[in-house]
Structures are given as C-alpha cells and as structure tokens.
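Peer 1: So here's final28.tsv, just TSV, C-alpha atoms and all ligand atoms:
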chain	number	residue	atom	x	y	z
A	536	MET	CA	48.57	3.31	144.24
A	537	THR	CA	46.10	6.17	144.26
A	538	THR	CA	43.15	6.03	146.61
A	539	ASP	CA	39.63	6.12	145.14
A	540	TRP	CA	38.25	8.72	147.54
A	541	ILE	CA	34.94	8.89	145.71
A	542	ALA	CA	34.24	5.16	146.14
A	543	LEU	CA	35.32	5.34	149.79
A	544	GLU	CA	33.03	8.28	150.48
A	545	GLN	CA	30.10	6.49	148.88
A	546	GLN	CA	30.75	3.58	151.23
A	547	TYR	CA	31.00	5.60	154.44
A	548	TYR	CA	29.25	8.93	154.07
A	549	MET	CA	25.56	9.74	154.30
A	550	THR	CA	25.99	11.82	151.24
A	551	THR	CA	24.29	14.17	148.90
A	552	ARG	CA	25.14	14.39	145.19
A	553	ARG	CA	28.52	15.80	144.21
A	554	GLN	CA	30.53	16.53	141.10
A	555	PRO	CA	33.15	13.78	140.54
A	556	ILE	CA	36.09	15.93	141.68
A	557	VAL	CA	38.15	15.47	144.85
A	558	ILE	CA	39.57	18.88	145.78
A	559	VAL	CA	42.74	18.70	147.86
A	560	ARG	CA	44.19	22.22	147.76
A	561	GLY	CA	43.20	25.80	147.07
A	562	GLN	CA	44.95	29.13	146.56
A	563	GLY	CA	43.24	32.36	145.60
A	564	THR	CA	40.71	31.73	142.82
A	565	ARG	CA	42.17	28.28	142.01
A	566	VAL	CA	41.88	24.76	143.41
A	567	TRP	CA	43.59	21.47	142.54
A	568	ASP	CA	42.19	17.94	142.57
A	569	ASP	CA	43.81	14.73	143.82
A	570	LYS	CA	45.27	14.10	140.37
A	571	GLY	CA	46.92	17.51	140.23
A	572	LYS	CA	44.46	19.08	137.79
A	573	GLU	CA	43.94	22.83	138.23
A	574	TYR	CA	40.54	24.54	138.22
A	575	LEU	CA	39.32	28.12	138.33
A	576	ASP	CA	36.86	28.07	141.22
A	577	PHE	CA	33.79	30.16	140.43
A	578	THR	CA	31.75	28.49	143.18
A	579	ALA	CA	34.07	29.78	145.93
A	580	GLY	CA	32.82	27.24	148.44
A	581	TRP	CA	29.21	28.49	147.95
A	582	ALA	CA	30.06	32.16	148.05
A	583	VAL	CA	32.19	31.52	151.12
A	584	ASN	CA	35.76	32.14	149.98
A	585	ASN	CA	35.10	35.81	149.28
A	586	ILE	CA	38.81	36.66	149.44
A	587	GLY	CA	39.86	33.40	147.82
A	588	HIS	CA	41.18	30.11	149.12
A	589	CYS	CA	43.76	30.12	151.91
A	590	HIS	CA	44.13	33.88	151.92
A	591	PRO	CA	47.38	34.75	153.76
A	592	ALA	CA	45.59	37.11	156.18
A	593	VAL	CA	43.10	34.39	157.15
A	594	VAL	CA	45.76	31.67	157.34
A	595	LYS	CA	47.86	33.84	159.64
A	596	ALA	CA	44.90	34.67	161.89
A	597	ILE	CA	43.95	31.00	162.18
A	598	GLN	CA	47.51	29.87	162.86
A	599	GLU	CA	48.08	32.49	165.54
A	600	GLN	CA	44.71	32.02	167.21
A	601	ALA	CA	45.00	28.20	167.08
A	602	ALA	CA	48.21	28.48	169.07
A	603	THR	CA	46.70	30.97	171.53
A	604	LEU	CA	43.11	29.99	172.37
A	605	THR	CA	40.54	28.15	170.26
A	606	GLN	CA	37.55	27.60	172.54
A	607	THR	CA	36.22	28.64	175.91
A	608	SER	CA	32.71	28.10	177.15
A	609	ASN	CA	30.49	31.08	176.54
A	610	GLN	CA	30.52	31.64	180.27
A	611	PHE	CA	33.51	33.90	179.64
A	612	TYR	CA	34.46	36.94	177.59
A	613	THR	CA	36.92	36.49	174.74
A	614	VAL	CA	38.62	39.10	172.58
A	615	PRO	CA	38.20	38.11	168.88
A	616	GLN	CA	34.41	37.96	169.28
A	617	VAL	CA	34.30	41.55	170.48
A	618	GLN	CA	36.60	42.75	167.69
A	619	LEU	CA	34.40	41.11	165.07
A	620	ALA	CA	31.18	42.34	166.69
A	621	LYS	CA	32.45	45.92	166.75
A	622	VAL	CA	33.38	46.02	163.08
A	623	LEU	CA	30.07	44.46	161.98
A	624	VAL	CA	28.04	46.90	164.07
A	625	GLU	CA	30.04	49.88	162.81
A	626	GLN	CA	29.74	48.82	159.18
A	627	SER	CA	26.04	47.93	159.23
A	628	GLY	CA	24.64	50.61	161.51
A	629	LEU	CA	22.72	47.86	163.31
A	630	ASP	CA	23.28	47.76	167.06
A	631	LYS	CA	23.81	44.20	168.28
A	632	VAL	CA	25.15	40.91	166.97
A	633	PHE	CA	25.05	37.26	168.05
A	634	PHE	CA	27.44	34.65	166.62
A	635	CYS	CA	26.54	31.07	165.73
A	636	ASN	CA	27.86	28.42	163.37
A	637	SER	CA	25.98	28.50	160.07
A	638	GLY	CA	23.46	30.33	157.95
A	639	ALA	CA	20.59	28.12	159.02
A	640	GLU	CA	21.42	28.70	162.66
A	641	ALA	CA	21.64	32.45	162.08
A	642	ASN	CA	18.14	32.36	160.60
A	643	GLU	CA	16.88	30.25	163.51
A	644	GLY	CA	18.12	32.98	165.83
A	645	ALA	CA	16.46	35.69	163.76
A	646	ILE	CA	13.18	33.72	163.77
A	647	LYS	CA	13.30	33.30	167.55
A	648	LEU	CA	14.01	37.01	167.93
A	649	ALA	CA	11.09	37.93	165.66
A	650	ARG	CA	8.72	35.65	167.59
A	651	LYS	CA	9.74	37.15	170.88
A	652	TYR	CA	9.33	40.63	169.41
A	653	GLY	CA	5.82	39.68	168.26
A	654	ARG	CA	5.00	38.37	171.70
A	655	ASP	CA	6.25	41.55	173.41
A	656	HIS	CA	5.14	44.18	170.90
A	657	ARG	CA	2.44	42.76	168.62
A	658	ASN	CA	-0.03	40.88	170.79
A	659	GLY	CA	1.65	37.53	170.36
A	660	ALA	CA	1.99	37.72	166.57
A	661	TYR	CA	4.36	35.00	165.35
A	662	GLU	CA	3.84	34.59	161.63
A	663	ILE	CA	6.67	35.40	159.24
A	664	ILE	CA	6.03	36.23	155.59
A	665	CYS	CA	8.64	34.58	153.34
A	666	ALA	CA	9.07	34.37	149.57
A	667	ASP	CA	8.54	31.58	147.08
A	668	HIS	CA	11.85	30.18	145.79
A	669	SER	CA	13.66	31.48	148.86
A	670	PHE	CA	16.34	29.50	150.66
A	671	HIS	CA	17.02	29.89	154.37
A	672	GLY	CA	18.81	26.66	155.34
A	673	ARG	CA	18.21	23.04	156.32
A	674	THR	CA	17.17	23.06	159.99
A	675	LEU	CA	13.45	22.54	160.57
A	676	ALA	CA	12.43	26.16	161.05
A	677	ALA	CA	14.73	27.34	158.25
A	678	VAL	CA	13.25	24.69	155.93
A	679	ALA	CA	9.77	25.85	156.92
A	680	ALA	CA	10.79	29.40	155.98
A	681	THR	CA	12.28	28.18	152.68
A	682	GLY	CA	9.90	28.61	149.76
A	683	HIS	CA	10.65	25.32	148.11
A	684	PRO	CA	8.14	22.50	148.84
A	685	ALA	CA	10.60	19.73	147.84
A	686	TYR	CA	12.85	20.64	150.77
A	687	GLN	CA	9.89	20.32	153.17
A	688	GLU	CA	7.84	17.38	151.92
A	689	PRO	CA	9.85	14.45	153.41
A	690	PHE	CA	10.02	16.09	156.83
A	691	LYS	CA	6.45	17.14	157.51
A	692	PRO	CA	4.87	18.30	159.73
A	693	MET	CA	6.68	21.62	159.43
A	694	PRO	CA	6.90	24.08	162.32
A	695	GLU	CA	4.02	26.50	161.83
A	696	GLY	CA	4.07	30.24	161.41
A	697	PHE	CA	5.50	30.73	157.92
A	698	VAL	CA	3.51	31.96	154.94
A	699	HIS	CA	4.86	32.31	151.43
A	700	VAL	CA	4.22	34.95	148.79
A	701	PRO	CA	5.66	35.54	145.32
A	702	PHE	CA	9.05	37.28	145.40
A	703	ASN	CA	9.27	40.83	144.04
A	704	ASP	CA	5.56	41.50	144.60
A	705	ILE	CA	4.86	44.16	147.22
A	706	GLU	CA	1.09	43.78	146.92
A	707	ALA	CA	1.41	40.09	147.85
A	708	VAL	CA	3.26	41.05	151.05
A	709	LYS	CA	0.51	43.52	151.90
A	710	LEU	CA	-2.25	40.98	151.26
A	711	ALA	CA	-0.52	38.33	153.38
A	712	THR	CA	-0.15	40.66	156.37
A	713	THR	CA	-2.57	39.90	159.23
A	714	PRO	CA	-2.68	40.63	162.97
A	715	LYS	CA	-0.68	37.40	163.35
A	716	THR	CA	2.26	38.72	161.28
A	717	CYS	CA	5.42	39.71	163.15
A	718	ALA	CA	8.00	39.92	160.36
A	719	VAL	CA	8.87	39.72	156.67
A	720	MET	CA	11.96	37.68	155.83
A	721	LEU	CA	13.67	37.94	152.43
A	722	GLU	CA	16.95	37.56	150.61
A	723	PRO	CA	18.00	40.78	148.83
A	724	VAL	CA	18.75	38.61	145.77
A	725	GLN	CA	17.59	34.98	145.89
A	726	GLY	CA	20.69	32.82	145.52
A	727	GLU	CA	19.70	29.14	145.62
A	728	GLY	CA	16.41	30.07	143.98
A	729	GLY	CA	18.35	30.77	140.78
A	730	VAL	CA	19.80	34.27	141.28
A	731	ASN	CA	16.49	36.15	141.23
A	732	VAL	CA	17.02	39.90	141.27
A	733	PRO	CA	14.06	41.99	142.44
A	734	SER	CA	13.15	45.32	140.91
A	735	ARG	CA	15.10	48.29	142.25
A	736	ASP	CA	12.44	49.55	144.66
A	737	TYR	CA	10.96	46.24	145.93
A	738	LEU	CA	12.95	46.07	149.18
A	739	ARG	CA	12.38	49.77	149.85
A	740	GLN	CA	8.64	49.22	149.43
A	741	VAL	CA	8.73	46.25	151.81
A	742	ARG	CA	10.73	48.39	154.24
A	743	GLN	CA	8.08	51.09	154.09
A	744	TRP	CA	5.25	48.58	154.59
A	745	CYS	CA	7.02	47.07	157.62
A	746	ASP	CA	7.41	50.57	159.09
A	747	GLU	CA	3.73	51.35	158.56
A	748	GLN	CA	2.58	48.04	160.06
A	749	GLY	CA	5.14	47.70	162.86
A	750	LEU	CA	6.63	44.53	161.36
A	751	LEU	CA	10.29	43.53	161.47
A	752	LEU	CA	12.15	43.34	158.18
A	753	ILE	CA	14.59	40.42	158.34
A	754	LEU	CA	17.08	40.21	155.49
A	755	ASP	CA	18.89	36.93	154.97
A	756	GLU	CA	22.29	38.12	153.78
A	757	VAL	CA	23.93	34.72	154.18
A	758	GLN	CA	24.79	34.62	150.47
A	759	THR	CA	24.55	38.29	149.47
A	760	GLY	CA	26.51	39.71	152.39
A	761	MET	CA	30.22	40.48	152.82
A	762	GLY	CA	30.70	42.32	149.54
A	763	ARG	CA	29.17	39.86	147.10
A	764	LEU	CA	26.68	42.29	145.51
A	765	GLY	CA	29.25	45.09	145.31
A	766	THR	CA	28.28	46.59	148.65
A	767	LEU	CA	29.34	45.15	152.01
A	768	PHE	CA	25.72	44.13	152.65
A	769	GLY	CA	23.24	43.47	149.87
A	770	TRP	CA	20.65	45.84	151.34
A	771	GLN	CA	23.02	48.75	150.77
A	772	HIS	CA	22.72	48.10	147.03
A	773	PHE	CA	18.93	48.38	147.33
A	774	ASP	CA	19.01	51.13	149.95
A	775	ALA	CA	16.69	49.27	152.35
A	776	LYS	CA	18.11	48.82	155.82
A	777	PRO	CA	16.63	45.87	157.72
A	778	ASP	CA	15.77	45.54	161.39
A	779	VAL	CA	17.42	42.14	161.53
A	780	MET	CA	20.13	40.75	159.25
A	781	THR	CA	21.67	37.30	159.08
A	782	LEU	CA	25.17	36.49	157.83
A	783	ALA	CA	27.28	33.36	157.36
A	784	LYS	CA	28.99	32.04	154.18
A	785	GLY	CA	31.47	34.84	153.29
A	786	LEU	CA	31.77	36.09	156.87
A	787	GLY	CA	34.42	33.61	158.00
A	788	GLY	CA	36.84	33.61	155.07
A	789	GLY	CA	36.32	29.84	154.87
A	790	VAL	CA	35.61	28.81	158.47
A	791	PRO	CA	32.09	28.02	159.71
A	792	ILE	CA	30.51	31.02	161.39
A	793	GLY	CA	27.08	32.64	161.25
A	794	ALA	CA	25.66	35.79	162.80
A	795	PHE	CA	22.40	37.57	163.30
A	796	MET	CA	22.26	41.27	163.93
A	797	ALA	CA	19.48	43.58	165.07
A	798	ARG	CA	18.58	47.16	165.77
A	799	ALA	CA	18.52	47.98	169.49
A	800	SER	CA	14.74	48.47	169.26
A	801	CYS	CA	14.21	44.78	168.47
A	802	ALA	CA	17.23	43.11	170.09
A	803	VAL	CA	14.84	41.53	172.56
A	804	LEU	CA	16.67	38.32	173.50
A	805	VAL	CA	17.90	38.27	177.10
A	806	PRO	CA	20.50	35.99	178.73
A	807	GLY	CA	19.32	32.40	178.86
A	808	GLU	CA	17.02	32.66	175.85
A	809	HIS	CA	19.58	31.86	173.19
A	810	GLY	CA	23.07	30.41	173.07
A	811	SER	CA	25.61	28.25	171.29
A	812	THR	CA	28.54	26.18	172.51
A	813	PHE	CA	30.80	27.02	169.59
A	814	GLY	CA	29.14	30.29	168.55
A	815	GLY	CA	31.64	33.14	168.47
A	816	ASN	CA	34.56	30.97	169.47
A	817	PRO	CA	37.98	32.66	169.32
A	818	LEU	CA	39.27	30.59	166.39
A	819	VAL	CA	36.45	31.34	163.95
A	820	CYS	CA	36.07	34.92	165.10
A	821	ALA	CA	39.77	35.60	164.54
A	822	ALA	CA	39.45	34.19	161.00
A	823	ALA	CA	36.25	36.13	160.35
A	824	TYR	CA	37.77	39.33	161.72
A	825	ALA	CA	40.77	38.95	159.41
A	826	ALA	CA	38.57	38.21	156.38
A	827	THR	CA	36.09	41.00	157.13
A	828	SER	CA	38.85	43.56	157.76
A	829	TRP	CA	40.49	42.59	154.47
A	830	ILE	CA	37.24	42.96	152.54
A	831	ILE	CA	36.70	46.43	154.01
A	832	GLU	CA	40.27	47.73	153.86
A	833	HIS	CA	40.88	46.55	150.29
A	834	ASP	CA	37.40	47.52	149.10
A	835	CYS	CA	36.66	44.08	147.67
A	836	SER	CA	33.09	45.30	147.11
A	837	ALA	CA	34.36	47.76	144.48
A	838	ASN	CA	36.25	44.94	142.77
A	839	ALA	CA	33.02	42.90	142.80
A	840	VAL	CA	31.31	45.74	140.91
A	841	LYS	CA	34.09	45.98	138.32
A	842	MET	CA	34.62	42.26	137.83
A	843	GLY	CA	30.88	41.67	137.94
A	844	ALA	CA	30.40	44.09	135.03
A	845	ARG	CA	33.17	42.35	133.07
A	846	LEU	CA	31.70	38.90	133.71
A	847	MET	CA	28.21	40.04	132.79
A	848	SER	CA	29.28	41.68	129.54
A	849	GLY	CA	31.07	38.45	128.57
A	850	LEU	CA	28.00	36.36	129.35
A	851	LYS	CA	25.77	38.79	127.45
A	852	ALA	CA	28.05	38.49	124.43
A	853	LEU	CA	27.56	34.72	124.63
A	854	GLN	CA	23.82	35.31	124.82
A	855	ARG	CA	23.95	37.40	121.63
A	856	GLN	CA	25.81	34.56	119.89
A	857	HIS	CA	23.24	31.99	121.02
A	858	PRO	CA	19.89	33.80	121.29
A	859	ARG	CA	17.93	30.58	120.86
A	860	GLU	CA	19.69	28.77	123.71
A	861	VAL	CA	20.23	31.55	126.27
A	862	LYS	CA	17.11	32.89	127.90
A	863	GLU	CA	18.66	35.38	130.30
A	864	VAL	CA	21.86	36.59	131.95
A	865	ARG	CA	21.27	38.23	135.31
A	866	GLY	CA	22.76	39.05	138.68
A	867	VAL	CA	24.27	41.77	140.83
A	868	GLY	CA	27.98	42.18	141.58
A	869	LEU	CA	29.59	38.74	141.63
A	870	LEU	CA	26.40	36.74	142.08
A	871	GLN	CA	25.31	35.96	138.55
A	872	ALA	CA	23.54	33.34	136.49
A	873	ILE	CA	22.91	32.33	132.93
A	874	GLU	CA	19.56	30.70	132.17
A	875	THR	CA	18.97	28.50	129.13
A	876	HIS	CA	15.71	27.45	127.51
A	877	ARG	CA	16.63	23.77	127.64
A	878	ASP	CA	17.83	21.74	130.66
A	879	LEU	CA	21.47	22.26	129.76
A	880	ALA	CA	23.04	22.97	133.15
A	881	PRO	CA	24.24	19.41	133.92
A	882	LYS	CA	25.89	19.13	130.49
A	883	ILE	CA	27.43	22.59	130.75
A	884	ILE	CA	28.84	21.75	134.18
A	885	ALA	CA	30.37	18.48	132.96
A	886	GLU	CA	32.05	20.35	130.10
A	887	CYS	CA	33.22	23.11	132.47
A	888	ASN	CA	34.73	20.48	134.78
A	889	ALA	CA	36.68	19.17	131.80
A	890	GLU	CA	37.81	22.72	130.96
A	891	GLY	CA	38.97	23.31	134.52
A	892	LEU	CA	36.25	25.74	135.56
A	893	LEU	CA	34.03	25.07	138.58
A	894	LEU	CA	30.46	26.39	138.47
A	895	ASN	CA	27.15	25.53	140.10
A	896	PRO	CA	24.11	24.09	138.26
A	897	VAL	CA	21.68	25.78	140.64
A	898	ARG	CA	18.69	24.66	138.52
A	899	PRO	CA	18.50	22.34	135.49
A	900	THR	CA	18.28	25.46	133.32
A	901	ILE	CA	20.47	27.79	135.40
A	902	VAL	CA	24.23	27.97	135.98
A	903	ARG	CA	25.41	30.19	138.82
A	904	PHE	CA	28.67	32.20	139.01
A	905	MET	CA	30.03	33.33	142.41
A	906	PRO	CA	33.82	33.67	142.24
A	907	PRO	CA	35.94	35.14	145.03
A	908	LEU	CA	35.59	38.93	145.19
A	909	THR	CA	39.35	39.14	144.71
A	910	VAL	CA	39.07	37.64	141.21
A	911	THR	CA	41.21	39.44	138.61
A	912	GLU	CA	40.42	40.62	135.06
A	913	GLN	CA	42.64	37.87	133.66
A	914	GLU	CA	40.78	35.24	135.68
A	915	VAL	CA	37.37	36.54	134.57
A	916	ASP	CA	38.53	36.48	130.93
A	917	GLU	CA	39.98	32.99	131.36
A	918	ALA	CA	36.73	31.76	132.92
A	919	LEU	CA	34.70	33.31	130.09
A	920	ALA	CA	36.87	31.60	127.48
A	921	LYS	CA	36.53	28.24	129.24
A	922	PHE	CA	32.81	28.74	129.68
A	923	GLY	CA	32.36	29.69	126.02
A	924	ARG	CA	34.06	26.49	124.85
A	925	ALA	CA	32.14	24.34	127.35
A	926	PHE	CA	28.85	25.96	126.38
A	927	THR	CA	29.47	25.42	122.66
A	928	ARG	CA	30.15	21.71	123.26
A	929	ALA	CA	27.15	21.35	125.58
A	930	ILE	CA	24.68	22.70	123.01
A	931	ALA	CA	26.25	20.70	120.17
A	932	ASN	CA	25.29	17.28	121.45
A	1001	LIG	C1	23.40	28.98	152.17
A	1001	LIG	C2	22.27	29.79	152.66
A	1001	LIG	C3	21.68	29.54	153.91
A	1001	LIG	C4	22.07	28.36	154.76
A	1001	LIG	O1	23.39	28.47	155.24
A	1001	LIG	P1	24.07	27.19	155.91
A	1001	LIG	O2	25.38	27.72	156.40
A	1001	LIG	O3	24.22	26.16	154.83
A	1001	LIG	O4	23.19	26.72	156.99
A	1001	LIG	C5	20.67	30.38	154.34
A	1001	LIG	N1	20.27	31.41	153.59
A	1001	LIG	C6	20.82	31.69	152.40
A	1001	LIG	C7	20.35	32.88	151.63
A	1001	LIG	C8	21.82	30.89	151.88
A	1001	LIG	O5	22.35	31.14	150.67
I need this file expressed as structure tokens, please.
Ligand SMILES: *Cc1c(COP(=O)(O)O)cnc(C)c1O
Peer 2:
Amino acid sequence: MTTDWIALEQQYYMTTRRQPIVIVRGQGTRVWDDKGKEYLDFTAGWAVNNIGHCHPAVVKAIQEQAATLTQTSNQFYTVPQVQLAKVLVEQSGLDKVFFCNSGAEANEGAIKLARKYGRDHRNGAYEIICADHSFHGRTLAAVAATGHPAYQEPFKPMPEGFVHVPFNDIEAVKLATTPKTCAVMLEPVQGEGGVNVPSRDYLRQVRQWCDEQGLLLILDEVQTGMGRLGTLFGWQHFDAKPDVMTLAKGLGGGVPIGAFMARASCAVLVPGEHGSTFGGNPLVCAAAYAATSWIIEHDCSANAVKMGARLMSGLKALQRQHPREVKEVRGVGLLQAIETHRDLAPKIIAECNAEGLLLNPVRPTIVRFMPPLTVTEQEVDEALAKFGRAFTRAIAN
C-alpha cells in the first residue's frame, strides 16, 4: 500500500500551499516523486541547488564532515568555517563575514550592523531605505524591510525604521534620504517580486549616492548570489560593489546556511553583539565550501551566462508565437521569468507538472525559471519543449 503523504502532511503540518508532488530523490537537474515520475527541476530548491541535487562534491563533503565533527559551540574555533570565510572574502573583496542559518537571518544581521553603524557614525541614524516589491525574508525585521504589504499586515505592528521607494528609481532614493537614514538595502534583481531587472546603471547610481551621503549600501544577494546572474555575485554584473552583502540560498549547495559580509570600515559588530548557535557549524560550512569551490573552479557563472542566453532565446521565440498572451520575457543569467497578460501562471504550472517540468508561479501572471547553474544545453532544450507544450495547453482552455 502506498502512503498518502500529502494527506498526512495536511493533518500534521502547519503548512503553506504546495504543488501536489512529493519529491523523494534528486540528482543533478532532475528529481523523482514518490510514484517514480521524473521531473526536470527548474526551481532548484528556490535557487539553492546551484550545482544540482546531490552533487558528488557536496555529498562527499557532508559525509566526511558528518563522520568527523558536526557541531561545537561557537565558543571554539573550527576549520571549515575559516576555509569558507577565506574564499568568500577573497572572491568578493569585502573584508569580513559572519555565518548564520538562512537568508532572513543574514538580513537581520545586516540590519543590526547598519543600525550600529548609524549609531556610531551618523548621529544615531537607523532608517533603512528599501524597495517596493522587494523580498528580504520572514522574520519580523526582514518582513518590515520587505516591500510587500500582504506579508506585513497580519503581524503588525512592524519594527520601525524601514521606508520603501519604487525600485529602479534613483531620484526616489534621494528624496527618501533624511538625517535618519543609515543605509539603502536592495536586491540586484528582485527575485520573489517577479524577476525585476533594474536598468544597467541604477545600482551604480545608488552606490554613488550612498558614497556622497555616507550611507551603507546593503545588497541582498540571497537569491542572486553564487553565480546565478552569471557572475559570482550579482553586483559584479552591475559593477556596483556594496558595503554589506547577504548570502544564503545557493551558498550551501543544499544545506541551510546564510552569511552577511561587510567592508572593514563598517564591520562594526563586536563580540557579544551578535551570535548564532548553529551559525557556521562545521557540517554546513564543509558543504558550502565544497559547493562554493565547485562553482568557482568550474566557472558555473559562465555556464549560467550561456545557458541563460539559450533559455531566453527559447522563451522569446515562444513570445513571438504568442504575442497576445506573452507580455514580457526577462531576467539575467539563470534567473528568468515569463509574464503573461492574463493570470495564467497556475494553469501553466499544472500543465508543466504533468509534463515533468518544475517551475515557480511567482505571481499569478509570472512564471519564474531558476535551474541549477550546471544545467546542460540538452536540458534547457528539453525544458523549453515541455514548457512550449504546457503553455499551448494552458492558453487553449
Ligand atoms: C529567499 C530570500 C530571502 C529569505 O531567505 P530565507 O532563507 O528563506 O530566510 C531573503 N532575500 C531574498 C532576496 C530571497 O530571495
């Protein structure tokens, strides 16, 4: 007898909505459900499995570290944390890093750092300018930073000190700046907001404004980091180096880890002011070190550029076939989306599930693509063929 895992979960779990698929195994760009059906996974665990599911290098690192040392208290030094810290500092040109357990927690750390910086260097300024349609996570301060009222409404009052401006509008950032402002916090490309790509010079202009005003530029690279946009960090694509950067998702190769990094000039936290029981533990750091080293050594960013171009040209061809249904195809590297005029995303996703292609309906009109960066030409072509068939069925009824 087969177990109905979906019914069981609905009985026991305080759940959110899910697609009706129970995934039991993954390998590379593919996953299998509990009935043995195979899927091409173009969600990649929310842009987490950047080198695919169960990558041998990550599996080996986890197995070896699990048998050696998984956790100490952060009273002591451990080795994998230092190895990972060193490579991230060298690659980013930022000076210091702190490890935590998720993207939201990384942003919490960055927010605390910015507030302390404002206290020390800007007469107690504490306000952070964020963007509409941004997403920074589900903890209270991260929700307050998130530019999406629906995520805030049920949990009010929100922590104060966050103001929101339209994304991709430098004048709005300037107008919102006051003596209370300590930082500007943005995603290089907004992921959960629907894959919103700013104009080429927006981040550079914000960078310049922050320099003129003495504000910190915090870039939330939780989704865009670790090669996704075709550069190791998204800001490299836009040539706008931040003062503070947060990472999570793709950093761990599938295990939960987050990080915030800072220039020495604003790495103002001192011992006792921040911490985490599990943050930087040997198990996750060994996995993250293996995944990060693989991304760098095999130049997965370059593959993201190539495969991203192939995916986009396929989606644009579909747009030319269906100009009345498709409003826009957009994205950078392997973070892409197709937007329709009608609310077609739920139907498209149901048809894609049937085809054996996993995608994310990030908005009712928007479907998001974020495959592993190790995806091959054949897999991109296969996904495009499946998507084309699913799309045709979705618009037909
Ligand atoms: C997913 C995401 C977060 C939150 O990360 P969690 O690990 O879910 O807490 C924060 N910022 C961005 C840009 C994200 O995409």
Peer 1: Can you work out which one of A:Gly561, A:Pro899, A:Pro806, A:Pro777 has the shortest atom-to-atom distance to Gln743 in chain A, counting all atoms listed in the file?
Peer 2: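 Of all the options, A:Pro777 lies closest to Gln743 in chain A.
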Peer 1: Can you pull out the residues contacting Leu782 in chain A? Cut-off 12 Å, using only C-alpha atoms, and skip same-chain residues under 5 positions away; I want them as a PyMOL selection string.
Peer 2: chain A and resi 582-583+623+627+632-645+671-672+722+753-763+767-769+787+791-797+823+827
Peer 1: Calculated over only C-alpha atoms and all ligand atoms, which of the candidates A:Tyr547, A:Phe690, A:Tyr612, A:Trp581 has the smallest distance to ligand LIG 1001 (chain A)?
Peer 2: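 Looking at the shortest contact to ligand LIG 1001 (chain A), the residue is A:Trp581.
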Peer 1: Which neighbours of Leu738 in chain A fall inside 12 Å, counting all atoms listed in the file, when residues of the same chain fewer than 5 positions from it are skipped, and could you give them as a list of chain:residue names?
Peer 2: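 Contacts, with the query itself left out: A:Phe702, A:Asn703, A:Asp704, A:Ile705, A:Val708, A:Val719, A:Met720, A:Leu721, A:Glu722, A:Pro723, A:Val724, A:Val732, A:Pro733, A:Gln743, A:Trp744, A:Cys745, A:Leu752, A:Ile753, A:Leu754, A:Gly769, A:Trp770, A:Gln771, A:His772, A:Phe773, A:Asp774, A:Ala775, A:Lys776, A:Pro777.
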Peer 1: With distances taken over only C-alpha atoms, which of A:Val678, A:Val897, A:Leu751, A:Ile646 is nearest to Val730 in chain A?
Peer 2: A:Val897
Peer 1: For range 828-844 of chain A, what centre and edge lengths in Å (one decimal) does the axis-aligned box get once 5 Å is added on each side of all its listed atoms, as AutoDock Vina command-line options?
Peer 2:
--center_x 35.6 --center_y 44.7 --center_z 146.4 --size_x 20.5 --size_y 16.1 --size_z 32.7
Peer 1: For Gly868 in chain A, which of A:Ile930, A:Val790, A:Ala839, A:Leu850 is the closest residue, counting only C-alpha atoms?
Peer 2: A:Ala839
Peer 1: Enter the distance from CA of Asp569 in chain A to CA of Leu846 in chain A, in Å, rounded to one decimal.
Peer 2: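 Atom-to-atom, CA of Asp569 in chain A and CA of Leu846 in chain A are spaced 28.9 Å apart.
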